[in-house]
$ cat structure_3.cif   # mmCIF, C-alpha atoms and all ligand atoms
data_coords
loop_
_atom_site.label_atom_id
_atom_site.label_comp_id
_atom_site.auth_asym_id
_atom_site.auth_seq_id
_atom_site.Cartn_x
_atom_site.Cartn_y
_atom_site.Cartn_z
CA MET A 75 142.21 125.50 72.54
CA GLY A 76 141.07 121.88 72.32
CA LEU A 77 142.15 119.23 69.85
CA PHE A 78 139.14 119.69 67.59
CA ASP A 79 139.57 123.47 67.64
CA LYS A 80 143.18 123.00 66.53
CA LEU A 81 142.19 120.49 63.86
CA SER A 82 139.45 122.71 62.44
CA SER A 83 141.78 125.70 62.55
CA MET A 84 144.54 123.78 60.71
CA LEU A 85 142.06 122.50 58.13
CA LYS A 86 140.48 125.96 57.94
CA ILE A 87 137.01 124.62 58.62
CA LYS A 88 134.62 126.37 60.94
CA LYS A 89 131.76 124.00 61.57
CA GLU A 90 129.39 123.51 64.43
CA GLN A 91 129.38 119.81 63.69
CA ILE A 92 132.08 117.62 62.19
CA ASN A 93 132.09 113.94 61.22
CA ILE A 94 135.16 111.89 62.02
CA LEU A 95 135.81 108.35 60.78
CA VAL A 96 137.95 106.29 63.13
CA VAL A 97 139.52 103.20 61.56
CA GLY A 98 142.16 100.81 62.85
CA LEU A 99 143.05 97.25 63.64
CA ASN A 100 141.04 95.22 66.13
CA ASN A 101 141.86 96.02 69.74
CA SER A 102 143.92 99.09 68.78
CA GLY A 103 142.06 101.49 71.09
CA LYS A 104 139.54 103.18 68.76
CA SER A 105 136.59 102.99 71.18
CA THR A 106 138.82 104.08 74.05
CA ILE A 107 139.95 107.30 72.35
CA VAL A 108 136.42 108.12 71.16
CA ASN A 109 135.17 107.54 74.71
CA ARG A 110 137.84 109.91 76.01
CA PHE A 111 136.53 112.75 73.85
CA LYS A 112 133.09 112.58 75.49
CA ASN A 113 132.00 114.67 78.45
CA PRO A 114 132.91 112.89 81.70
CA ASP A 115 129.26 112.21 82.55
CA GLU A 116 128.67 110.54 79.17
CA ARG A 117 131.73 108.27 79.21
CA SER A 118 131.44 104.50 79.46
CA ASN A 119 133.26 102.92 82.36
CA VAL A 120 133.70 99.63 80.52
CA ILE A 121 134.88 99.37 76.91
CA VAL A 122 133.92 96.14 75.18
CA PRO A 123 135.02 94.98 71.69
CA THR A 124 132.85 96.65 69.04
CA VAL A 125 130.75 94.29 66.94
CA GLY A 126 130.47 95.57 63.36
CA PHE A 127 130.64 99.36 63.63
CA SER A 128 129.53 102.06 66.00
CA ILE A 129 128.13 105.54 65.29
CA GLU A 130 128.21 108.07 68.10
CA ARG A 131 127.21 111.72 68.37
CA PHE A 132 128.37 113.85 71.27
CA GLN A 133 129.79 117.20 72.32
CA THR A 134 133.52 117.31 72.87
CA VAL A 135 135.54 118.53 75.79
CA LYS A 136 139.09 119.82 75.90
CA VAL A 137 141.26 116.76 76.50
CA PHE A 138 144.79 118.07 76.00
N1 LIG B 201 148.21 100.06 77.02
C1 LIG B 201 147.21 100.68 76.39
N2 LIG B 201 146.07 100.02 76.27
C2 LIG B 201 145.07 100.66 75.63
C3 LIG B 201 145.20 101.96 75.12
N3 LIG B 201 144.04 102.33 74.52
C4 LIG B 201 143.21 101.29 74.69
N4 LIG B 201 143.82 100.28 75.36
C5 LIG B 201 143.24 98.98 75.73
O1 LIG B 201 143.19 98.22 74.54
C6 LIG B 201 142.04 97.38 74.58
C7 LIG B 201 141.21 97.59 73.32
O2 LIG B 201 140.66 98.89 73.32
P1 LIG B 201 139.38 99.24 72.45
O3 LIG B 201 139.14 100.71 72.65
O4 LIG B 201 138.25 98.31 72.74
O5 LIG B 201 139.92 98.96 70.99
P2 LIG B 201 139.08 98.97 69.61
O6 LIG B 201 140.02 99.41 68.56
O7 LIG B 201 137.82 99.75 69.77
O8 LIG B 201 138.76 97.41 69.45
P3 LIG B 201 137.62 96.77 68.52
O9 LIG B 201 136.32 97.42 68.86
O10 LIG B 201 137.64 95.31 68.90
O11 LIG B 201 138.04 97.00 67.10
C8 LIG B 201 141.26 97.72 75.86
O12 LIG B 201 141.59 96.74 76.84
C9 LIG B 201 141.81 99.08 76.24
O13 LIG B 201 141.78 99.26 77.65
C10 LIG B 201 146.45 102.63 75.29
O14 LIG B 201 146.65 103.77 74.88
N5 LIG B 201 147.41 101.93 75.94
MG MG B 202 135.77 99.27 69.53
#

$ encode --input "structure_3.cif" --output "structure tokens"
Amino acid sequence: MGLFDKLSSMLKIKKEQINILVVGLNNSGKSTIVNRFKNPDERSNVIVPTVGFSIERFQTVKVF
């Protein structure tokens, strides 16, 4: 069971699509963790500082 499966099970939500807001201090690793949730073939090799905000839509993989 992946992280999102566990989260949705804990929150008792069964959705095909969920929206997650990631907030944090500059340089705290937000883009890195979001990138890690993507399928390996969709991941960026280089993470650069995000200007403004970023909206991404992707399918998740089991990461833990
Ligand atoms: N040591 C360590 N470095 C990390 C970790 N996660 C990310 N980094 C590094 O921290 C730096 C910033 O990561 P980002 O993912 O760009 O952080 P961010 O929160 O998106 O930054 P902004 O877009 O500027 O707000 C990068 O050099 C990453 O390689 C971690 O778990 N451990
Ligand atoms: Mg970022």

$ residues_around --input "structure_3.cif" --residues "A:Leu99" --least-positions-apart "5" --cutoff "12 Å" --atoms "all atoms listed in the file" --output "PDB file with C-alpha atoms, in the frame of the given file"
ATOM      1  CA  LYS A 104     139.540 103.180  68.760  1.00  0.00           C
ATOM      2  CA  SER A 105     136.590 102.990  71.180  1.00  0.00           C
ATOM      3  CA  PRO A 123     135.020  94.980  71.690  1.00  0.00           C
ATOM      4  CA  THR A 124     132.850  96.650  69.040  1.00  0.00           C
TER       5      THR A 124
END

$ closest_residue --input "structure_3.cif" --among "A:Asn109, A:Ser82, A:Arg117, A:Ser102" --to "ligand LIG 201 (chain B)" --atoms "all atoms listed in the file"
A:Ser102

$ residues_near_ligand --input "structure_3.cif" --ligand "ligand LIG 201 (chain B)" --cutoff "12 Å" --atoms "only C-alpha atoms and all ligand atoms" --output "ChimeraX atom specification"
/A:96-110,118-128

$ atom_distance --input "structure_3.cif" --atom1 "atom CA of A:Asp115" --atom2 "atom CA of A:Met84"
29.1 Å

$ atom_distance --input "structure_3.cif" --atom1 "atom CA of A:Thr134" --atom2 "atom CA of A:Phe78"
8.1 Å

$ atom_distance --input "structure_3.cif" --atom1 "atom CA of A:Lys86" --atom2 "atom CA of A:Phe111"
21.1 Å

$ axis_aligned_box --input "structure_3.cif" --around "stretch 100-104 of chain A" --padding-each-side "3 Å" --output "JSON"
{"center_x": 141.7, "center_y": 99.2, "center_z": 68.6, "size_x": 10.4, "size_y": 14.0, "size_z": 11.0}

$ closest_residue --input "structure_3.cif" --among "A:Leu77, A:Ile94, A:Leu85, A:Ile129" --to "ligand MG 202 (chain B)" --atoms "all atoms listed in the file"
A:Ile129
